[in-house]
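> See protein.txt below, with compact mmCIF, C-alpha atoms.
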# COMPACT_ATOMS: atom_id res chain seq x y z
CA MET A 14 -87.14 271.84 172.71
CA PHE A 15 -88.96 273.93 175.31
CA ARG A 16 -92.13 274.42 173.27
CA ASN A 17 -94.35 271.92 175.09
CA THR A 18 -93.16 273.17 178.48
CA TYR A 19 -93.83 276.86 177.98
CA ASP A 20 -96.99 276.94 175.82
CA SER A 21 -99.57 276.12 178.50
CA ASP A 22 -100.21 279.77 179.40
CA ASN A 23 -99.99 283.06 177.57
CA THR A 24 -98.23 284.87 180.43
CA VAL A 25 -95.13 282.63 180.50
CA PHE A 26 -92.15 283.48 178.32
CA SER A 27 -90.07 280.67 176.84
CA PRO A 28 -86.28 280.81 177.28
CA GLN A 29 -86.14 282.22 173.73
CA GLY A 30 -88.34 285.14 174.78
CA ARG A 31 -91.45 283.93 172.94
CA LEU A 32 -95.11 283.70 173.95
CA HIS A 33 -96.25 280.50 172.27
CA GLN A 34 -99.97 281.00 172.92
CA VAL A 35 -99.83 284.31 171.08
CA GLU A 36 -97.99 282.62 168.20
CA TYR A 37 -100.72 279.96 168.08
CA ALA A 38 -103.32 282.72 167.79
CA LEU A 39 -101.40 284.15 164.84
CA GLU A 40 -101.52 280.69 163.27
CA ALA A 41 -105.31 280.71 163.65
CA VAL A 42 -105.40 283.83 161.47
CA LYS A 43 -103.40 281.99 158.81
CA GLN A 44 -106.04 279.24 158.78
CA GLY A 45 -108.82 281.65 157.82
CA SER A 46 -109.75 282.39 154.22
CA ALA A 47 -107.80 285.16 152.56
CA ALA A 48 -108.55 288.89 152.66
CA VAL A 49 -106.80 291.62 150.67
CA GLY A 50 -106.73 295.39 151.25
CA LEU A 51 -105.47 298.20 149.01
CA ARG A 52 -105.64 301.98 149.02
CA SER A 53 -105.17 304.82 146.58
CA LYS A 54 -105.33 308.59 146.95
CA THR A 55 -109.14 308.52 146.82
CA HIS A 56 -110.26 305.05 147.93
CA ALA A 57 -109.49 302.17 150.26
CA ILE A 58 -110.91 298.76 149.38
CA LEU A 59 -111.19 295.29 150.87
CA LEU A 60 -111.63 292.02 149.03
CA ALA A 61 -112.27 288.73 150.79
CA LEU A 62 -112.74 285.10 149.90
CA LYS A 63 -115.78 283.56 151.55
CA ARG A 64 -115.91 279.92 152.59
CA SER A 65 -118.80 277.51 152.83
CA SER A 66 -118.77 274.55 155.21
CA GLY A 67 -120.64 272.41 152.67
CA GLU A 68 -122.93 272.31 149.68
CA LEU A 69 -125.98 272.89 151.88
CA ALA A 70 -124.48 275.79 153.85
CA SER A 71 -124.33 279.47 153.05
CA TYR A 72 -121.05 281.36 152.75
CA GLN A 73 -119.71 282.92 155.95
CA GLN A 74 -119.67 286.68 156.37
CA LYS A 75 -116.17 288.08 155.87
CA MET A 76 -116.81 291.83 156.13
CA TYR A 77 -118.43 294.03 158.75
CA ARG A 78 -119.47 297.63 158.49
CA VAL A 79 -118.36 299.45 161.62
CA ASP A 80 -119.40 303.03 160.78
CA ASP A 81 -120.14 305.13 157.72
CA HIS A 82 -116.42 305.63 157.18
CA VAL A 83 -114.93 302.35 158.47
CA GLY A 84 -115.19 298.70 157.44
CA ILE A 85 -113.27 295.52 158.27
CA ALA A 86 -112.41 292.18 156.67
CA ILE A 87 -111.61 289.22 158.92
CA ALA A 88 -109.46 286.09 158.83
CA GLY A 89 -109.67 283.57 161.66
CA LEU A 90 -112.38 282.79 164.19
CA THR A 91 -115.65 284.44 163.14
CA SER A 92 -117.03 284.35 166.69
CA ASP A 93 -114.10 286.41 167.97
CA ALA A 94 -114.57 288.79 165.05
CA ARG A 95 -118.19 289.44 166.06
CA VAL A 96 -117.12 290.41 169.58
CA LEU A 97 -114.38 292.76 168.37
CA SER A 98 -116.53 294.30 165.62
CA ASN A 99 -119.26 295.06 168.17
CA PHE A 100 -116.64 296.71 170.38
CA MET A 101 -115.50 298.82 167.42
CA ARG A 102 -119.09 299.87 166.74
CA GLN A 103 -119.50 300.92 170.36
CA GLN A 104 -116.36 303.03 170.13
CA ALA A 105 -117.56 304.64 166.90
CA MET A 106 -120.99 305.35 168.38
CA SER A 107 -119.47 306.84 171.54
CA SER A 108 -117.39 309.24 169.45
CA ARG A 109 -120.48 310.46 167.62
CA MET A 110 -122.50 310.85 170.82
CA LEU A 111 -119.79 312.54 172.92
CA PHE A 112 -117.90 314.58 170.31
CA ASN A 113 -120.41 314.73 167.43
CA ARG A 114 -117.79 313.52 164.94
CA PRO A 115 -116.70 310.24 163.32
CA ILE A 116 -113.97 308.49 165.26
CA PRO A 117 -110.49 308.82 163.68
CA VAL A 118 -109.48 305.56 162.04
CA ASN A 119 -106.11 305.28 163.79
CA ARG A 120 -107.75 305.77 167.19
CA LEU A 121 -110.29 303.04 166.47
CA VAL A 122 -107.57 300.59 165.43
CA SER A 123 -105.50 301.48 168.49
CA SER A 124 -108.48 300.77 170.75
CA ILE A 125 -108.91 297.18 169.53
CA ALA A 126 -105.14 296.67 169.59
CA ASP A 127 -105.10 297.73 173.25
CA LYS A 128 -108.02 295.39 173.97
CA ALA A 129 -106.21 292.47 172.33
CA GLN A 130 -102.96 293.21 174.15
CA VAL A 131 -104.65 292.75 177.54
CA ASN A 132 -105.41 289.13 176.60
CA THR A 133 -101.71 288.47 176.01
CA GLN A 134 -100.69 289.69 179.47
CA GLU A 135 -103.36 288.64 181.98
CA TYR A 136 -103.62 285.15 183.40
CA GLY A 137 -106.74 283.14 182.56
CA ARG A 138 -107.40 284.81 179.21
CA ARG A 139 -106.66 283.66 175.69
CA PRO A 140 -105.63 285.84 172.75
CA TYR A 141 -108.25 286.55 170.11
CA GLY A 142 -107.95 284.13 167.22
CA VAL A 143 -108.78 286.61 164.47
CA GLY A 144 -106.97 289.24 162.40
CA PHE A 145 -108.49 292.29 160.71
CA LEU A 146 -107.84 294.45 157.72
CA VAL A 147 -109.40 297.82 158.53
CA ILE A 148 -110.19 300.46 155.91
CA GLY A 149 -111.40 303.94 156.67
CA GLN A 150 -111.37 307.53 155.55
CA ASP A 151 -110.90 310.77 157.46
CA LYS A 152 -109.64 314.29 156.78
CA SER A 153 -106.19 312.98 155.86
CA GLY A 154 -107.59 310.59 153.23
CA PRO A 155 -108.09 306.81 152.93
CA HIS A 156 -106.32 304.44 155.33
CA LEU A 157 -105.60 300.71 155.49
CA TYR A 158 -104.54 299.02 158.73
CA GLU A 159 -103.78 295.48 159.78
CA PHE A 160 -104.69 294.32 163.29
CA SER A 161 -103.26 291.09 164.71
CA PRO A 162 -104.10 289.09 167.90
CA SER A 163 -100.72 290.03 169.38
CA GLY A 164 -102.02 293.59 169.86
CA ASN A 165 -99.94 295.04 167.03
CA SER A 166 -101.37 297.26 164.30
CA TYR A 167 -99.70 298.68 161.23
CA GLU A 168 -100.72 300.95 158.37
CA TYR A 169 -100.14 299.70 154.82
CA TYR A 170 -100.43 300.69 151.17
CA ALA A 171 -101.61 297.13 150.49
CA MET A 172 -101.82 293.98 152.60
CA SER A 173 -103.23 290.46 152.67
CA ILE A 174 -103.97 288.06 155.53
CA GLY A 175 -105.29 284.52 155.81
CA ALA A 176 -104.55 281.25 154.08
CA ARG A 177 -102.03 281.39 151.21
CA SER A 178 -101.81 285.16 151.68
CA GLN A 179 -98.12 285.17 150.74
CA SER A 180 -99.06 284.63 147.09
CA ALA A 181 -101.27 287.72 147.21
CA LYS A 182 -98.50 289.70 148.94
CA THR A 183 -96.13 288.82 146.12
CA TYR A 184 -98.55 290.29 143.59
CA LEU A 185 -99.12 293.39 145.73
CA GLU A 186 -95.39 293.99 146.21
CA LYS A 187 -94.86 293.89 142.44
CA ASN A 188 -97.60 296.42 141.68
CA TYR A 189 -98.11 298.59 144.78
CA GLU A 190 -96.31 301.63 143.33
CA SER A 191 -99.15 302.12 140.83
CA PHE A 192 -101.96 301.83 143.39
CA MET A 193 -101.89 305.44 144.60
CA ASP A 194 -102.83 306.82 141.17
CA CYS A 195 -105.37 304.12 140.28
CA ASN A 196 -109.05 304.89 139.86
CA LEU A 197 -111.57 302.71 141.68
CA ASP A 198 -112.14 300.19 138.88
CA ASP A 199 -108.41 299.56 138.39
CA LEU A 200 -107.85 299.31 142.14
CA ILE A 201 -110.56 296.66 142.49
CA ARG A 202 -109.14 294.79 139.50
CA HIS A 203 -105.71 294.72 141.15
CA GLY A 204 -107.30 293.45 144.35
CA LEU A 205 -109.16 290.67 142.53
CA HIS A 206 -105.96 289.56 140.82
CA ALA A 207 -104.19 289.44 144.18
CA LEU A 208 -107.09 287.54 145.78
CA ARG A 209 -107.11 285.05 142.90
CA GLU A 210 -103.49 284.17 143.70
CA THR A 211 -104.65 282.67 147.02
CA LEU A 212 -106.99 280.16 145.36
CA GLN A 213 -106.26 276.51 144.74
CA GLN A 214 -105.57 275.54 141.15
CA ASP A 215 -109.08 274.19 140.47
CA LYS A 216 -110.93 277.14 142.05
CA ASP A 217 -111.95 280.53 140.71
CA LEU A 218 -113.55 283.72 141.99
CA THR A 219 -117.35 283.91 141.68
CA ILE A 220 -120.08 286.27 142.82
CA ASN A 221 -120.84 283.80 145.62
CA ASN A 222 -117.39 283.46 147.17
CA THR A 223 -116.13 287.04 146.73
CA SER A 224 -116.82 290.11 148.87
CA ILE A 225 -115.80 293.67 148.07
CA GLY A 226 -115.82 296.63 150.46
CA ILE A 227 -115.20 300.23 149.38
CA VAL A 228 -114.50 303.40 151.34
CA GLY A 229 -114.62 306.56 149.24
CA LEU A 230 -116.66 307.86 146.33
CA ALA A 231 -119.26 305.47 144.96
CA GLY A 232 -118.24 303.38 141.96
CA THR A 233 -119.85 303.40 138.52
CA HIS A 234 -121.52 300.03 139.15
CA GLU A 235 -123.21 301.09 142.40
CA LYS A 236 -126.80 302.11 141.85
CA ASP A 237 -129.48 302.26 144.55
CA VAL A 238 -129.59 299.03 146.60
CA PRO A 239 -128.12 296.21 144.46
CA GLN A 240 -129.06 292.57 144.55
CA ARG A 241 -126.51 290.21 146.07
CA GLY A 242 -123.53 289.79 143.75
CA GLU A 243 -124.83 292.29 141.21
CA ILE A 244 -122.05 294.83 141.85
CA ILE A 245 -119.26 292.25 141.88
CA LYS A 246 -120.06 290.63 138.53
CA PRO A 247 -118.80 293.48 136.27
CA TYR A 248 -115.50 293.55 138.15
CA LEU A 249 -115.03 289.79 137.88
CA GLU A 250 -115.72 289.94 134.15
CA SER A 251 -113.09 292.66 133.71
CA MET A 252 -110.26 290.56 135.20
CA VAL A 253 -107.27 289.72 133.04
CA PRO A 254 -107.16 285.92 132.45
CA LYS A 255 -104.25 284.05 133.97
CA THR A 256 -101.29 283.47 131.69
CA HIS A 257 -99.71 280.04 131.27
CA GLY A 258 -97.16 281.04 133.88
CA GLY A 259 -99.95 281.35 136.43
CA ALA A 260 -99.73 285.09 137.06
CA ALA A 261 -102.13 287.68 135.75
CA ALA A 262 -100.92 290.67 133.83
CA ALA A 263 -101.36 293.94 135.71
CA PRO A 264 -104.30 295.95 134.35
CA ALA A 265 -103.45 299.11 132.46
CA GLU A 266 -104.05 302.26 134.45
CA GLY A 267 -107.23 304.08 133.56
CA GLU A 268 -108.48 301.06 131.63
CA GLY A 269 -112.16 301.62 130.90
CA ALA A 270 -112.88 303.45 134.15
CA PRO A 271 -115.20 306.49 134.09
CA PRO A 272 -114.73 309.05 136.87
CA ALA A 273 -116.29 308.12 140.19
CA THR A 274 -119.48 309.78 141.31
CA ALA A 275 -120.20 311.40 144.65
CA ASP A 276 -121.60 309.95 147.87
CA GLU A 277 -118.88 309.15 150.34
CA ASP A 278 -119.71 305.94 152.19
CA VAL A 279 -118.64 302.43 153.01
CA GLN A 280 -120.11 300.25 150.31
CA MET A 281 -120.15 296.59 151.31
CA ALA A 282 -121.05 294.08 148.62
CA GLU A 283 -121.22 290.36 149.22
What would the structure in this file look like if it were written as structure tokens?

Amino acid sequence: MFRNTYDSDNTVFSPQGRLHQVEYALEAVKQGSAAVGLRSKTHAILLALKRSSGELASYQQKMYRVDDHVGIAIAGLTSDARVLSNFMRQQAMSSRMLFNRPIPVNRLVSSIADKAQVNTQEYGRRPYGVGFLVIGQDKSGPHLYEFSPSGNSYEYYAMSIGARSQSAKTYLEKNYESFMDCNLDDLIRHGLHALRETLQQDKDLTINNTSIGIVGLAGTHEKDVPQRGEIIKPYLESMVPKTHGGAAAAPAEGEGAPPATADEDVQMAE
């Protein structure tokens, strides 16, 4: 009833105590292509579905490397994501220059949450129209955070954002208890199954529309500098086919996964 009266500015509360402009920004995140994040005791990973505006266009970038130990996946306005990712890189660089150490992941997420909150409170600004899944690793282990345009941030065992993300959340909620003990290959396979749930019926995951980001020990398929899509292909081939009911069976733990090798880094494959 009051929606059209109280949604012209982000500093005006409606009689129901809502900020409609902030809610519209959250809707912009839901319009973006899906991204999924998971973590185990040793790794945190991101998987994202890339979109193309047409047959003649390339696929948009869905992941950004912030520092050696932090990476993000986006859903929403890519232009806003570039601004916020550059801000995150500045914060990470400042920590290395001033304190000679990588910035703690929770502090980095809090800094962009504080930056986003200002745009929900000051007149003449608009909220950022993008949400992040942030993975990182520090002394306490791997971490996965969600950042939203409202200025909120939460830590998760597994999470998905973007279009049709509820289908991925359903898969994650059914299987999250096994994630902590998964090796890297099984964790990625779970993530691909969750990401596949967000696709339309006639679509499928390919090396062109799928991105994978890894924080932790390097995987068995990572050798030197790979060609585009070369790392992703073995993981896509290892996926369990969909059953007639539409859901994929959860992969067996330890299924065909050799132990991970050393070299702690953020590995971003597109």
> Just want the 8 Å neighbourhood of Gly50 of chain A, counted on all atoms listed in the file, with same-chain residues fewer than 4 positions away dropped. Output as a count of residues only.
11
> Near Asp80 of chain A, counting only C-alpha atoms, which residues have an atom at most 12 Å away, once you skip same-chain residues fewer than 6 positions from it, shown as a ChimeraX atom specification?
/A:98-109,114-118,121,147-151,228,278-281
> Can I get the selected residues back with C-alpha atoms, as a tab-separated table (two decimals), in the frame of the given file?

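Result saved to out-v1.tsv:
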chain	number	residue	atom	x	y	z
A	98	SER	CA	-116.53	294.30	165.62
A	99	ASN	CA	-119.26	295.06	168.17
A	100	PHE	CA	-116.64	296.71	170.38
A	101	MET	CA	-115.50	298.82	167.42
A	102	ARG	CA	-119.09	299.87	166.74
A	103	GLN	CA	-119.50	300.92	170.36
A	104	GLN	CA	-116.36	303.03	170.13
A	105	ALA	CA	-117.56	304.64	166.90
A	106	MET	CA	-120.99	305.35	168.38
A	107	SER	CA	-119.47	306.84	171.54
A	108	SER	CA	-117.39	309.24	169.45
A	109	ARG	CA	-120.48	310.46	167.62
A	114	ARG	CA	-117.79	313.52	164.94
A	115	PRO	CA	-116.70	310.24	163.32
A	116	ILE	CA	-113.97	308.49	165.26
A	117	PRO	CA	-110.49	308.82	163.68
A	118	VAL	CA	-109.48	305.56	162.04
A	121	LEU	CA	-110.29	303.04	166.47
A	147	VAL	CA	-109.40	297.82	158.53
A	148	ILE	CA	-110.19	300.46	155.91
A	149	GLY	CA	-111.40	303.94	156.67
A	150	GLN	CA	-111.37	307.53	155.55
A	151	ASP	CA	-110.90	310.77	157.46
A	228	VAL	CA	-114.50	303.40	151.34
A	278	ASP	CA	-119.71	305.94	152.19
A	279	VAL	CA	-118.64	302.43	153.01
A	280	GLN	CA	-120.11	300.25	150.31
A	281	MET	CA	-120.15	296.59	151.31
> Do you know which residues lie at most 12 Å from (-100.9, 285.2, 143.1), with coordinates as in the file and only C-alpha atoms counted, and could you write them as a ChimeraX atom specification?
/A:47,49,173,177-188,203-214,255-256,258-263
> Taking into account all atoms listed in the file, which residue in the set A:Asn196, A:Ser53, A:Thr91, A:Ser65 is nearest to Gly154 of chain A?
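For Gly154 of chain A, the nearest of the candidates is A:Ser53.
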> Check the smallest atom-to-atom distance from each of A:Pro247, A:Ile225, A:Ala41, A:Ser92 to Met76 of chain A using only C-alpha atoms, then report the winner.
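Among the listed residues, the smallest separation from Met76 of chain A belongs to A:Ile225.
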> What's around Glu250 of chain A at 10 Å? Count all atoms listed in the file, leave out sequence neighbours fewer than 5 positions away in its own chain, and write the answer as a short mmCIF file (atom, residue, chain, number, x, y, z; two decimals) with C-alpha atoms, in the frame of the given file.

data_model
loop_
_atom_site.label_atom_id
_atom_site.label_comp_id
_atom_site.auth_asym_id
_atom_site.auth_seq_id
_atom_site.Cartn_x
_atom_site.Cartn_y
_atom_site.Cartn_z
CA ARG A 202 -109.14 294.79 139.50
CA THR A 219 -117.35 283.91 141.68
CA ILE A 245 -119.26 292.25 141.88
#
> Using only C-alpha atoms, which of A:Pro162, A:Ile227, A:Lys43, A:Tyr167 sits nearest Ile244 of chain A?
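Under the stated criterion, the closest residue is A:Ile227.
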> Rebuild segment 215-232 of chain A to N, CA, C and O atoms - output it as a PDB file, in the frame of the given file, please.

ATOM      1  N   ASP A 215    -107.800 274.532 141.106  1.00  0.00           N
ATOM      2  CA  ASP A 215    -109.080 274.190 140.470  1.00  0.00           C
ATOM      3  C   ASP A 215    -110.206 275.134 140.880  1.00  0.00           C
ATOM      4  O   ASP A 215    -111.366 274.885 140.563  1.00  0.00           O
ATOM      5  N   LYS A 216    -109.903 276.206 141.584  1.00  0.00           N
ATOM      6  CA  LYS A 216    -110.930 277.140 142.050  1.00  0.00           C
ATOM      7  C   LYS A 216    -110.845 278.449 141.285  1.00  0.00           C
ATOM      8  O   LYS A 216    -109.828 278.777 140.684  1.00  0.00           O
ATOM      9  N   ASP A 217    -111.928 279.216 141.339  1.00  0.00           N
ATOM     10  CA  ASP A 217    -111.950 280.530 140.710  1.00  0.00           C
ATOM     11  C   ASP A 217    -112.867 281.448 141.494  1.00  0.00           C
ATOM     12  O   ASP A 217    -113.713 280.991 142.273  1.00  0.00           O
ATOM     13  N   LEU A 218    -112.711 282.747 141.306  1.00  0.00           N
ATOM     14  CA  LEU A 218    -113.550 283.720 141.990  1.00  0.00           C
ATOM     15  C   LEU A 218    -114.930 283.782 141.337  1.00  0.00           C
ATOM     16  O   LEU A 218    -115.044 283.796 140.109  1.00  0.00           O
ATOM     17  N   THR A 219    -115.975 283.811 142.163  1.00  0.00           N
ATOM     18  CA  THR A 219    -117.350 283.910 141.680  1.00  0.00           C
ATOM     19  C   THR A 219    -118.081 284.975 142.493  1.00  0.00           C
ATOM     20  O   THR A 219    -117.556 285.480 143.498  1.00  0.00           O
ATOM     21  N   ILE A 220    -119.299 285.285 142.070  1.00  0.00           N
ATOM     22  CA  ILE A 220    -120.080 286.270 142.820  1.00  0.00           C
ATOM     23  C   ILE A 220    -120.504 285.723 144.177  1.00  0.00           C
ATOM     24  O   ILE A 220    -120.884 286.488 145.070  1.00  0.00           O
ATOM     25  N   ASN A 221    -120.434 284.405 144.351  1.00  0.00           N
ATOM     26  CA  ASN A 221    -120.840 283.800 145.620  1.00  0.00           C
ATOM     27  C   ASN A 221    -119.726 283.778 146.645  1.00  0.00           C
ATOM     28  O   ASN A 221    -119.988 283.891 147.850  1.00  0.00           O
ATOM     29  N   ASN A 222    -118.483 283.610 146.205  1.00  0.00           N
ATOM     30  CA  ASN A 222    -117.390 283.460 147.170  1.00  0.00           C
ATOM     31  C   ASN A 222    -116.520 284.710 147.297  1.00  0.00           C
ATOM     32  O   ASN A 222    -115.473 284.666 147.931  1.00  0.00           O
ATOM     33  N   THR A 223    -116.936 285.820 146.702  1.00  0.00           N
ATOM     34  CA  THR A 223    -116.130 287.040 146.730  1.00  0.00           C
ATOM     35  C   THR A 223    -116.905 288.178 147.373  1.00  0.00           C
ATOM     36  O   THR A 223    -118.093 288.375 147.078  1.00  0.00           O
ATOM     37  N   SER A 224    -116.249 288.901 148.254  1.00  0.00           N
ATOM     38  CA  SER A 224    -116.820 290.110 148.870  1.00  0.00           C
ATOM     39  C   SER A 224    -115.932 291.301 148.556  1.00  0.00           C
ATOM     40  O   SER A 224    -114.699 291.171 148.542  1.00  0.00           O
ATOM     41  N   ILE A 225    -116.542 292.444 148.322  1.00  0.00           N
ATOM     42  CA  ILE A 225    -115.800 293.670 148.070  1.00  0.00           C
ATOM     43  C   ILE A 225    -116.348 294.770 148.973  1.00  0.00           C
ATOM     44  O   ILE A 225    -117.559 294.953 149.063  1.00  0.00           O
ATOM     45  N   GLY A 226    -115.447 295.483 149.632  1.00  0.00           N
ATOM     46  CA  GLY A 226    -115.820 296.630 150.460  1.00  0.00           C
ATOM     47  C   GLY A 226    -115.080 297.866 149.992  1.00  0.00           C
ATOM     48  O   GLY A 226    -113.891 297.799 149.682  1.00  0.00           O
ATOM     49  N   ILE A 227    -115.772 298.994 149.924  1.00  0.00           N
ATOM     50  CA  ILE A 227    -115.200 300.230 149.380  1.00  0.00           C
ATOM     51  C   ILE A 227    -115.430 301.375 150.357  1.00  0.00           C
ATOM     52  O   ILE A 227    -116.551 301.558 150.847  1.00  0.00           O
ATOM     53  N   VAL A 228    -114.380 302.134 150.624  1.00  0.00           N
ATOM     54  CA  VAL A 228    -114.500 303.400 151.340  1.00  0.00           C
ATOM     55  C   VAL A 228    -114.066 304.506 150.371  1.00  0.00           C
ATOM     56  O   VAL A 228    -112.978 304.453 149.820  1.00  0.00           O
ATOM     57  N   GLY A 229    -114.929 305.475 150.166  1.00  0.00           N
ATOM     58  CA  GLY A 229    -114.620 306.560 149.240  1.00  0.00           C
ATOM     59  C   GLY A 229    -115.821 306.876 148.380  1.00  0.00           C
ATOM     60  O   GLY A 229    -116.961 306.545 148.722  1.00  0.00           O
ATOM     61  N   LEU A 230    -115.584 307.509 147.246  1.00  0.00           N
ATOM     62  CA  LEU A 230    -116.660 307.860 146.330  1.00  0.00           C
ATOM     63  C   LEU A 230    -117.262 306.607 145.727  1.00  0.00           C
ATOM     64  O   LEU A 230    -116.559 305.636 145.444  1.00  0.00           O
ATOM     65  N   ALA A 231    -118.567 306.637 145.498  1.00  0.00           N
ATOM     66  CA  ALA A 231    -119.260 305.470 144.960  1.00  0.00           C
ATOM     67  C   ALA A 231    -118.746 305.136 143.567  1.00  0.00           C
ATOM     68  O   ALA A 231    -118.396 306.020 142.782  1.00  0.00           O
ATOM     69  N   GLY A 232    -118.706 303.836 143.256  1.00  0.00           N
ATOM     70  CA  GLY A 232    -118.240 303.380 141.960  1.00  0.00           C
ATOM     71  C   GLY A 232    -119.314 303.476 140.895  1.00  0.00           C
ATOM     72  O   GLY A 232    -120.505 303.681 141.181  1.00  0.00           O
TER      73      GLY A 232
END
